[in-house]
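Below is one structure; the comments refer to it alone.
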Amino acid sequence: MNAAWEVVIGLEIHAQLATSSKIFSGASTAYGADPNTQACLVDLGYPGVLPVLNAEVVRMACKFGLAVDATIAPRSVFARKNYFYPDLPKGYQISQYELPIVVGGELVIAGDDGEEKCIRITRAHLEEDAGKSIHEGLDQYSGIDLNRAGTPLLEIVSEPDLSSAKEAVAYMRKIHSIVRYLEICDGNMQEGSFRCDANVSIRPRGQTELGTRAELKNLNSFRFVEKAINYEIERQIDVIEDGGCVRQETRLYDSDRNETRPMRSKEEANDYRYFPDPDLLPVEIDEAFIAAVRETLPELPGAKQERFVADYGIKRDDAIILTASRPLADYFEATASASAASAQTVAHWVIGDLSAALNRDGLDIADSALSAAQLAGLLDRIDDNTISGKIAKEVFDAMWSGEGSADDVIEARGLRQITDSSAIDSIVDAVIAANPGQVAEYRAGKDKLIGFFVGQVMKETAGKANPGQVNEALKRKLAEG
Amino acid sequence: MKQDHDALHMRTLSELRRGLRSGEFSATTLTEALLERISNAGGALNAFITLTGERALDSAVIADKAIAAGNTQPLTGLPIVHKDLFCTRDVLTTCGSHILDTFVSPYDAAVVERMGVAGAIMLGKTNMDEFAMGSSNETSYFGAVRNPWDLSLSPGGSSGGSASAVAARLVPAATGTDTGGSIRQPAALTGTTGIKPTYGRVSRYGMVAFASSLDQAGVITRSAEDAALLLGVMAGFDPRDSTSSEEPVPDYLAALHKPLKGLRIGIVQEHFDEGLDADNEILVKAAIATLEEQGATTVEVSLPNLNLSVPTYYVVAPAECSSNMSRFDGVRYGHRAGNPVDLMDLYCRTRSEGFGAEVKRRIMTGTYVLSAGYYDAYYLQAQKVRQLISQDFKAAFEQVDVIVGPTTPTPAFALGDKVDDPITMYLNDIYTIGANLAGLPGISVPCGLVGGLPVGLQLVGPHFAEGTLLACAHQYQQLTDWHEIAPGDFA
């Protein structure tokens with residue numbers, strides 16, 4: 001954080017809506033097909049064809065609007081944004097311009113100062129995506145793949161309320177979480193289903209008017225958003241401190257070199273000649289429709305977080321992590337309800353070992369090698385003292401590798417905790433006998449050595465002795481001396 | 001030359017339908033006769049861009065089987081030609097433009113499809129002003145169409161090929177499209193009957209767009225009865241066109257006989273103010289008197305903003321046109337400039353070579369009126385005036401059932417006469433444009449000859465009043481024979 005400069009950031013997030021067909025045609029939206037195999041005559045911009053609005057996108061946009069407390073416009077209008085580019089078959093993009101479907105709205109993030117911060121949403125509008133130009137392997141030519149043309153997008157525009165790259169990422173994560181909760185976007189950033197442009201400017205701290213902004217294009221990972229914005233902030237500070245001026249321009253982030261580079265200057269930008277698309281009727285939404293959509297809203301991350309803290313008594317930080325994605329939250333709840341272990345223990349394991357294993361193997365929670373019931377089975381064995389928490393990690397790994405249930409692994413590997421007090425007593429006796437020096441020191445008042453003795457007993461039992469019992473037996477026997 | 005009324009090419013669609021059903025002649029005989037007529041008499045007119053004779057004869061064989069089996073549809077075996085703006089599967093669809101002169105459509109327009117399902121046989125595609133932009137058929141890349149009443153005259157446009165072909169008795173009926181008068185004006189100038197339905201009545205799917213909020217498909221025929229027969233087939237909701245109406249389609253043939261008694265006819269003072277040819281005015285007034293004799297009453301109504309319709313139209317239509325023409329970029333189909341050095345060169349040369357002067361003029365006008373800084377003053381202002389014009393009509397239709405007046409200010413003009421003077425050319429559509437701006441149905445029927453050339457009577461009704469218009473037109477045609485007069489050389 002630079003003391004002299006204040007950073008102002010607004011984000012335009014493009015969320016690809018998870019419909020099975022395109023926004024204005026019946027062609028499939030599935031990702032990864034051979035070029036131009038998922039583009040019908042409408043997507044190809046053939047003469048005479050007409051767009052027909054996919055009703056599902058209206059429902060999805062409405063869901064989003066309700067989730068961020070926005071106003072759903074009773075009447076919104078599709079316009080044509082006119083410009084020439086080979087991946088834009090009609091020579092115009094159909095997008096909402098003056099009258100978007102979602103107006104206003106807000107959401108709360110954790111601000112840089114640790115306090116809650118409210119970020120205002122300007123609008124969210126529906127539009128069609130363009131196709132892609134392909135340059136690789138086509139000597140002297142460019143190829144056009146129109147599979148993506150006509151894919152529905154919801155563009156979510158924030159007010160310039162974000163003050164750092166970290167806040168921008170927090171906001172983007174929150175939107176990411178909401179659209180996935182609502183099941184209106186798969187959130188896949190590698191495939192470009194969720195991406196953003198960032199408008200970044202700086203101004204001397206205390207100044208009210210905004211500085212000149214640069215627009216950073218197509219940031220398709222949280223990490224890149226953070227790095228690109230941070231780079232851009234430093235660049236703008238350097239420019240101004242060297243006596244220069246920030247130019248209003250579009251800049252592309254190069255993740256390989258971690259820098260932003262100018263794409264095209266806004267001054268030379270197209271005049272898009274927006275006007276209402278005469279091929280489409282205005283989208284009229286009434287209260288009954290909104291009420292019906294509201295009925296379908298799931299519990300959202302914020303509400304779920306509050307509930308997790310209140311009902312399960314888990315730490316807020318853990319609740320934030322667990323509610324970031326709906327499947328993860330569901331997994332936690334399923335485990336907690338199936339297990340006798342405390343909810344905090346469940347949270348600890350889900351956030352800790354389970355998430356680590358998922359990350360390591362690059363898996364989604366949905367593809368977890370351990371079901372919630374299996375994890376609950378493991379945690380129950382900790383809870384009933386069959387195994388210790390430490391042994392449980394070994395059992396977890398074995399379960400992850402497919403060695404069966406917690407009980408199977410414990411049996412097969414002989415990991416059952418030693419709880420027979422006579423057995424523990426005899427090992428304790430042996431350890432005391434083998435370490436006369438430490439015993440003398442302990443008895444002379446060096447209490448800390450109890451840890452050494454516990455460690456020795458655990459070593460002898462390969463970690464299987466019940467730690468509480470070992471502790472109790474050691475203290476008793478050392479005191480007998 | 002004596003007119004041979006029994007010749008198949010002299011008959012109306014309804015007469016041909018009766019002949020086919022009664023077994024007087026076969027669809028094959030009819031198709032052969034008309035193809036022969038087109039090739040013998042049609043050459044001088046340049047009314048066609050493409051003929052589909054072989055395919056038509058194949059269809060005729062199928063139609064004859066259907067007739068023999070008693071399995072007929074409303075148009076089984078009847079000939080139709082389509083304006084070359086309607087996409088026709090596997091057939092060239094040029095829009096009268098160089099930029100599409102090799103474009104073979106992979107699909108059928110809704111109108112073509114419906115006609116086909118109803119059993120009609122397509123004989124060919126008619127010449128037209130390039131992308132329907134023009135009022136004289138001189139902007140076609142394939143050359144001007146000639147008026148059968150006088151080959152030195154324009155047949156009007158943009159559906160000039162359709163009007164010329166029907167007037168010359170090459171075919172009994174043709175489809176057309178009407179954005180500012182492109183069906184009614186050529187119908188008037190060729191002595192044919194042309195109907196432009198309510199906006200949304202006929203699907204625009206597959207009709208290459210000129211100005212999407214104004215374009216509407218219709219037909220040019222030799223009688224209102226034939227227009228009713230075809231409109232019944234063409235009209236109706238199409239989920240592929242968001243602007244198509246779900247309003248039920250009435251039985252237009254049954255509506256033809258609805259009595260005119262008590263019908264309130266609106267006479268618009270502004271139609272007779274200036275610019276209207278004096279003889280034309282006399283004929284229009286005579287036609288109105290004929291309708292009055294049938295029990296209709298006349299009421300004077302005012303359309304105070306009608307004088308703004310031409311300037312309004314020439315903002316709205318080019319604006320939409322400039323955007324609609326953008327897809328013709330040489331990337332996916334149609335003409336592509338040779339050896340482009342880069343993308344910009346590809347775009348510039350493809351479009352410079354591919355489009356004619358009038359299309360370019362409208363693209364530039366439309367681009368201008370939509371540009372930042374001009375949008376409010378032109379496009380937005382025009383939309384407001386458009387609203388006023390609609391309101392004028394709405395107010396008028398609270399007093400009357402139909403508005404009757406001239407279709408055009410004058411009879412047909414000479415080819416080359418107005419081609420260098422776009423404003424005069426545009427003023428030819430002064431009476432027709434209002435209906436497009438307000439989305440209203442209109443029909444033009446022949447109402448006499450001025451200097452041996454036909455002129456038209458235009459009837460405009462409220463939304464979805466096609467039945468009323470057809471009834472008026474039909475009953476007028478029962479009392480007059482202007483619509484039966486063929487141009488001398490084509491009788």
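By convention here, the chains of the structure tokens are called A, B, ... in the order presented, each chain's residues are numbered starting at 1, and ligands are numbered starting at 1 in the order presented.
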Worksheet entry | Those of segment 171-386 of chain B in DSSP strand (DSSP E), formatted as a VMD selection string | chain B and resid 173 to 177 193 to 196 217 to 221 264 to 268 297 to 301
Worksheet item: For chain B against chain A, which residues fall within 7 Å using only C-alpha atoms, given as a list in words?
Response: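 That gives Tyr205, Gly206, Met207, Val208, Ala209, Ser212, Ser213, Arg240, Asp241, Ser242, Thr243, Ser323, Ser326, Arg327, Val331, Leu370, Ser371 and Ala372 of chain B for chain B.
Look at Phe397 of chain B: the protein and nucleic acid residues within 12 Å of it, using only C-alpha atoms and passing over chain neighbours fewer than 2 places away, are Leu263, Arg264, Ile265, Gly266, Ile267, Val268, Val299, Glu300, Val301, Ser302, Leu303, Ser390, Gln391, Asp392, Phe393, Lys394, Ala395, Gln399, Val400, Asp401, Val402, Ile403, Val404, Leu440, Val460, Gly461, Pro462, His463 and Ala465 of chain B.
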Discussion item. What's around Tyr331 of chain A at 12 Å? Count only C-alpha atoms, leave out sequence neighbours fewer than 6 positions away in its own chain, and write the answer as an MDAnalysis selection string.
Written reply: chainID A and resid 322:323 325 337:338 346:347 349:351 354:355 364:368 370:376
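Between atom CA of Thr72 of chain B and atom CA of Thr177 of chain B the separation is 27.6 Å.
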Mind checking which residues fall within 9 Å of segment 255-260 of chain B, counting only C-alpha atoms, ignoring those fewer than 6 positions away in the same chain, and posting them as an mmCIF file with C-alpha atoms, in the first residue's frame?
data_model
loop_
_atom_site.group_PDB
_atom_site.id
_atom_site.type_symbol
_atom_site.label_atom_id
_atom_site.label_comp_id
_atom_site.auth_asym_id
_atom_site.auth_seq_id
_atom_site.Cartn_x
_atom_site.Cartn_y
_atom_site.Cartn_z
ATOM 1 C CA ALA B 224 -57.680 -9.327 -54.475
ATOM 2 C CA GLU B 225 -59.161 -12.823 -54.414
ATOM 3 C CA ALA B 228 -56.482 -13.490 -50.138
ATOM 4 C CA LEU B 291 -67.166 2.233 -52.870
ATOM 5 C CA GLU B 292 -69.721 4.746 -51.601
ATOM 6 C CA GLN B 294 -71.884 0.046 -52.145
ATOM 7 C CA GLY B 295 -72.988 1.701 -48.923
ATOM 8 C CA ALA B 296 -69.669 2.892 -47.596
ATOM 9 C CA GLY B 467 -59.721 -8.959 -44.230
ATOM 10 C CA THR B 468 -61.370 -5.558 -44.531
ATOM 11 C CA LEU B 469 -58.842 -4.368 -47.116
ATOM 12 C CA LEU B 470 -59.282 -7.506 -49.184
ATOM 13 C CA ALA B 471 -63.080 -7.248 -48.984
ATOM 14 C CA CYS B 472 -63.012 -3.637 -50.210
ATOM 15 C CA ALA B 473 -60.535 -4.450 -52.938
ATOM 16 C CA HIS B 474 -62.380 -7.565 -54.054
ATOM 17 C CA GLN B 475 -65.795 -5.919 -54.198
#
Worksheet entry | Å distance separating atom CA of Met425 of chain B from atom CA of Gln185 of chain B, one decimal place |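 Between atom CA of Met425 of chain B and atom CA of Gln185 of chain B the gap works out to 11.9 Å.
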Fill in: Test item: residues at most 10 Å from Ile418 of chain A, only C-alpha atoms, excluding those fewer than 2 positions along its chain, as a ChimeraX atom specification
/A:385-388,415-416,420-421,423-424,461,463-467,469-470
Output file for the selection above: N, CA and C atoms, as a CSV table (one decimal), in the first residue's frame:
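Below is the file selection-v1.csv, written as the result:
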chain,number,residue,atom,x,y,z
A,385,ASN,N,-12.0,-42.6,20.2
A,385,ASN,CA,-10.7,-43.0,20.7
A,385,ASN,C,-10.1,-44.2,20.1
A,386,THR,N,-10.7,-44.7,19.0
A,386,THR,CA,-10.2,-45.9,18.3
A,386,THR,C,-8.8,-45.6,17.8
A,387,ILE,N,-8.6,-44.4,17.2
A,387,ILE,CA,-7.3,-43.9,16.7
A,387,ILE,C,-7.1,-42.5,17.2
A,388,SER,N,-5.8,-42.1,17.1
A,388,SER,CA,-5.5,-40.7,17.5
A,388,SER,C,-5.6,-39.9,16.2
A,415,LEU,N,-4.0,-50.4,13.3
A,415,LEU,CA,-3.8,-49.1,13.8
A,415,LEU,C,-4.6,-48.7,15.0
A,416,ARG,N,-5.4,-49.7,15.5
A,416,ARG,CA,-6.2,-49.4,16.6
A,416,ARG,C,-5.4,-48.9,17.8
A,420,ASP,N,-5.7,-50.2,26.5
A,420,ASP,CA,-5.6,-51.1,27.7
A,420,ASP,C,-4.6,-50.5,28.7
A,421,SER,N,-5.1,-50.1,29.8
A,421,SER,CA,-4.2,-49.3,30.8
A,421,SER,C,-3.1,-50.2,31.3
A,423,ALA,N,-1.5,-52.4,29.6
A,423,ALA,CA,-0.5,-52.4,28.5
A,423,ALA,C,0.3,-51.1,28.5
A,424,ILE,N,-0.5,-50.0,28.6
A,424,ILE,CA,0.2,-48.7,28.6
A,424,ILE,C,1.1,-48.6,29.8
A,461,THR,N,5.0,-47.5,20.8
A,461,THR,CA,3.8,-48.1,20.3
A,461,THR,C,3.4,-47.7,18.9
A,463,GLY,N,2.8,-44.9,17.8
A,463,GLY,CA,1.8,-43.9,17.7
A,463,GLY,C,0.4,-44.4,18.1
A,464,LYS,N,0.3,-45.6,18.5
A,464,LYS,CA,-1.0,-46.2,18.7
A,464,LYS,C,-1.6,-46.0,20.1
A,465,ALA,N,-0.7,-45.6,21.0
A,465,ALA,CA,-1.2,-45.5,22.4
A,465,ALA,C,-2.1,-44.2,22.5
A,466,ASN,N,-3.1,-44.3,23.4
A,466,ASN,CA,-4.0,-43.2,23.6
A,466,ASN,C,-3.2,-42.1,24.3
A,467,PRO,N,-3.0,-40.9,23.7
A,467,PRO,CA,-2.1,-39.9,24.3
A,467,PRO,C,-2.6,-39.5,25.7
A,469,GLN,N,-4.2,-41.1,27.9
A,469,GLN,CA,-3.9,-42.2,28.9
A,469,GLN,C,-2.4,-42.3,29.2
A,470,VAL,N,-1.6,-42.1,28.1
A,470,VAL,CA,-0.1,-42.1,28.3
A,470,VAL,C,0.3,-41.0,29.2
Practice prompt. Find the residue from B:Val455, B:Cys95, B:Ala120, B:Ala486 that sits nearest to Ile49 of chain B; use only C-alpha atoms when measuring.
Written response: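 Closest residue, counting only C-alpha atoms: B:Cys95.
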Worksheet entry | Ser193 of chain A surroundings by only C-alpha atoms, 9 Å radius, close-in-sequence under 2 positions cut, as a list in words | His14, Ala15, Gln16, Leu17, Ala18, Leu153, Cys185, Asp186, Gly187, Asn188, Met189, Gln190, Glu191, Arg195 and Asn220 of chain A
